[in-house]
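Chemist: Structure incoming, see below.
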Amino acid sequence: MTPALAAPAYAQAPAAKPVTALKKQFVTGRGVHFTSVSKIDVGGLTSVKLRSKGTVGFGRTGVTASDITLKADWGDLFGDEEEMEGLNKPIHTITVNKTTYSSGHLFDSLLPEGKTWLRSPGGDPARELSGSFLINPLDPNTLQTVLSTTKARGRGGVIGGAKTTLYRGTITVKQLLSASPATRKQLNGMSAKEKASRISWKVWLGTDNLVRRVTTSTRETVKIKKTSIQMALTSDARFTGWGKKIKVTPPPADQVADLSDIDGEVPQTPQLLDLNRGLGR
């Protein structure tokens with residue numbers, strides 16, 4: 001009976017030290033590197049794959065800057081239409097000083113001659129990270145909320161030279177999105193069923209309680225006309241170089257165009273959860 005009685009208390013215990021360790025990393029000029037691979041499978045076939053890598057810069061309050069390259073492989077989702085050719089080009093996004101600079105992807109067709117970057121005001125690096133992580137472990141509230149749903153832990157092996165402990169559990173979409181201001185607004189318009197969807201997660205923590213790896217998976221049955229289709233979203237993110245000196249800088253000014261310089265709407269960076277919902281509709 002002892003293990004059974006101890007389980008509820010244990011489930012709440014892991015969050016404190018990792019959150020404290022994360023906040024200690026919030027030093028101006030320091031940061032972390034990451035790589036991430038995500039897949040959305042429809043009916044057992046991989047329809048979309050997202051690969052991203054980047055650098056995240058910290059300030060005293062958390063993530064303040066990011067430099068991310070995201071490559072989306074849409075497979076046969078859009079056929080061979082020439083006008084969709086730009087979708088498979090990488091998106092390079094730099095967010096610094098509350099401004100976002102975007103290059104590649106569909107931006108290339110919108111920019112004036114001689115310009116390679118589009119500047120957008122009101123940049124939020126935490127929002128940009130939503131395209132790479134279903135669970136963002138660089139946000140203290142999100143990390144605390146996720147680890148509070150821990151069901152089990154064990155040895156995690158060595159990742160990037162660090163000995164790790166593996167934590168695992170499940171969390172609802174509503175719990176996850178409610179934890180972070182950067183993603184909370186995504187709850188608007190979601191059905192009760194979507195909010196109740198469960199995400200299985202695994203987090204590998206080093207002996208210093210810093211996150212080394214996060215994986216997630218979620219499944220959903222959607223109906224398209226009269227056909228039921230199984231959809232699965234998985235992601236695998238790894239973090240290296242904690243505490244290293246990081247400097248995220250904007251692109252050269254002479255290569256930058258403003259919103260007033262382009263015709264048409266600004267393309268949206270793919271966001272994992274929104275993309276998964278969109279494919280299911």
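Labels used: A, B, ... for chains in the order of the structure tokens, numbers from 1 for residues in each chain, and numbers from 1 for ligands as shown.
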Can you tell me, as a PyMOL selection string, which residues in range 41-124 of chain A count as strand (DSSP E or B) by DSSP?

Modeler: chain A and resi 41-42+45-59+62-73+91-96+99-104+117-121

Chemist: Neighbouring residues of range 253-266 of chain A were defined as those with any atom within 7 Å, considering only C-alpha atoms; residues of the same chain fewer than 3 positions away were excluded. Please report them as a list in words.

Modeler: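 Contacts, with the query itself left out: Leu110, Leu111, Pro112, Gly114, Lys115, Thr116, Trp117, Leu118, Arg119 and Ser120 of chain A.
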
Chemist: Let's have the selection written as a PDB file, in the first residue's frame, with N, CA, C and O atoms.

Modeler:
ATOM      1  N   LEU A 110       6.692  38.186 -51.647  1.00  0.00           N
ATOM      2  CA  LEU A 110       6.047  39.436 -51.254  1.00  0.00           C
ATOM      3  C   LEU A 110       7.013  40.605 -51.160  1.00  0.00           C
ATOM      4  O   LEU A 110       6.616  41.760 -51.295  1.00  0.00           O
ATOM      5  N   LEU A 111       8.288  40.305 -50.943  1.00  0.00           N
ATOM      6  CA  LEU A 111       9.254  41.348 -50.651  1.00  0.00           C
ATOM      7  C   LEU A 111       9.666  42.139 -51.900  1.00  0.00           C
ATOM      8  O   LEU A 111       9.779  41.575 -52.987  1.00  0.00           O
ATOM      9  N   PRO A 112       9.917  43.434 -51.734  1.00  0.00           N
ATOM     10  CA  PRO A 112      10.398  44.256 -52.854  1.00  0.00           C
ATOM     11  C   PRO A 112      11.790  43.797 -53.289  1.00  0.00           C
ATOM     12  O   PRO A 112      12.515  43.150 -52.530  1.00  0.00           O
ATOM     13  N   GLY A 114      15.552  43.463 -53.829  1.00  0.00           N
ATOM     14  CA  GLY A 114      16.680  43.878 -53.004  1.00  0.00           C
ATOM     15  C   GLY A 114      16.464  43.676 -51.519  1.00  0.00           C
ATOM     16  O   GLY A 114      17.391  43.871 -50.719  1.00  0.00           O
ATOM     17  N   LYS A 115      15.256  43.288 -51.110  1.00  0.00           N
ATOM     18  CA  LYS A 115      14.952  43.057 -49.697  1.00  0.00           C
ATOM     19  C   LYS A 115      14.770  41.560 -49.458  1.00  0.00           C
ATOM     20  O   LYS A 115      14.166  40.858 -50.272  1.00  0.00           O
ATOM     21  N   THR A 116      15.286  41.085 -48.340  1.00  0.00           N
ATOM     22  CA  THR A 116      15.198  39.650 -48.028  1.00  0.00           C
ATOM     23  C   THR A 116      14.516  39.374 -46.689  1.00  0.00           C
ATOM     24  O   THR A 116      14.305  38.214 -46.333  1.00  0.00           O
ATOM     25  N   TRP A 117      14.161  40.427 -45.961  1.00  0.00           N
ATOM     26  CA  TRP A 117      13.524  40.264 -44.647  1.00  0.00           C
ATOM     27  C   TRP A 117      12.310  41.176 -44.542  1.00  0.00           C
ATOM     28  O   TRP A 117      12.321  42.293 -45.064  1.00  0.00           O
ATOM     29  N   LEU A 118      11.271  40.674 -43.829  1.00  0.00           N
ATOM     30  CA  LEU A 118      10.089  41.486 -43.550  1.00  0.00           C
ATOM     31  C   LEU A 118      10.035  41.757 -42.055  1.00  0.00           C
ATOM     32  O   LEU A 118      10.093  40.832 -41.242  1.00  0.00           O
ATOM     33  N   ARG A 119       9.923  43.036 -41.697  1.00  0.00           N
ATOM     34  CA  ARG A 119       9.878  43.432 -40.289  1.00  0.00           C
ATOM     35  C   ARG A 119       8.434  43.594 -39.837  1.00  0.00           C
ATOM     36  O   ARG A 119       7.638  44.269 -40.477  1.00  0.00           O
ATOM     37  N   SER A 120       8.103  42.965 -38.693  1.00  0.00           N
ATOM     38  CA  SER A 120       6.755  43.062 -38.124  1.00  0.00           C
ATOM     39  C   SER A 120       6.874  43.522 -36.672  1.00  0.00           C
ATOM     40  O   SER A 120       7.620  42.921 -35.896  1.00  0.00           O
TER      41      SER A 120
END

Chemist: Got a sec: who's within 10 Å of range 58-60 of chain A, counting only C-alpha atoms, leaving out chain neighbours fewer than 2 positions off, as number ranges by chain?

Modeler: A: 23-32, 56, 62-66, 138, 243, 245-247

Chemist: Please save C-alpha atoms of the selected residues as a PDB file, in the first residue's frame.

Modeler:
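Result saved to part-v4.pdb:
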ATOM      1  CA  LYS A  23      14.663  30.603 -13.759  1.00  0.00           C
ATOM      2  CA  LYS A  24      18.335  30.695 -12.754  1.00  0.00           C
ATOM      3  CA  GLN A  25      19.143  30.528 -16.475  1.00  0.00           C
ATOM      4  CA  PHE A  26      17.294  33.795 -17.076  1.00  0.00           C
ATOM      5  CA  VAL A  27      20.385  35.947 -17.392  1.00  0.00           C
ATOM      6  CA  THR A  28      20.748  38.619 -20.060  1.00  0.00           C
ATOM      7  CA  GLY A  29      23.170  37.475 -22.757  1.00  0.00           C
ATOM      8  CA  ARG A  30      22.715  33.761 -21.983  1.00  0.00           C
ATOM      9  CA  GLY A  31      20.510  31.165 -23.620  1.00  0.00           C
ATOM     10  CA  VAL A  32      20.107  27.683 -25.047  1.00  0.00           C
ATOM     11  CA  VAL A  56      16.876  31.199 -27.684  1.00  0.00           C
ATOM     12  CA  GLY A  62      12.509  34.685 -19.412  1.00  0.00           C
ATOM     13  CA  VAL A  63      12.762  34.266 -23.179  1.00  0.00           C
ATOM     14  CA  THR A  64      13.452  37.645 -24.792  1.00  0.00           C
ATOM     15  CA  ALA A  65      14.842  36.746 -28.221  1.00  0.00           C
ATOM     16  CA  SER A  66      14.999  33.869 -30.683  1.00  0.00           C
ATOM     17  CA  LEU A 138      11.369  27.240 -21.560  1.00  0.00           C
ATOM     18  CA  GLY A 243      24.032  28.949 -20.037  1.00  0.00           C
ATOM     19  CA  LYS A 245      26.611  33.246 -24.276  1.00  0.00           C
ATOM     20  CA  ILE A 246      23.892  34.070 -26.800  1.00  0.00           C
ATOM     21  CA  LYS A 247      23.515  37.145 -28.981  1.00  0.00           C
TER      22      LYS A 247
END

Chemist: What separation in Å, quoted to one decimal, exists between CA of Lys53 in chain A and CA of Lys89 in chain A?

Modeler: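 The value is 14.6 Å.
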
Chemist: What's around Val214 in chain A at 10 Å? Count only C-alpha atoms, leave out sequence neighbours fewer than 3 positions away in its own chain, and write the answer as number ranges by chain.

Modeler: A: 36, 133-137, 166-168, 201-205, 211, 235-239

Chemist: Taking the DSSP secondary structure from the backbone, can you list the residues of range 108-210 of chain A that are helix (DSSP H, G or I), as number ranges by chain?

Modeler: A: 108-109, 125-129, 140-147, 173-178, 181-187, 192-196

Chemist: Need to verify the contact set: Glu128 in chain A, 10 Å, only C-alpha atoms, exclusion of same-chain residues closer than 6 positions in sequence. Can you return it as a count of residues only?

Modeler: 12

Chemist: Pick out the closest residue to Phe34 in chain A from this set: A:Lys226, A:Lys71, A:Arg198, A:Arg51. Count only C-alpha atoms.

Modeler: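 The answer is A:Arg51, which sits nearest to Phe34 in chain A.
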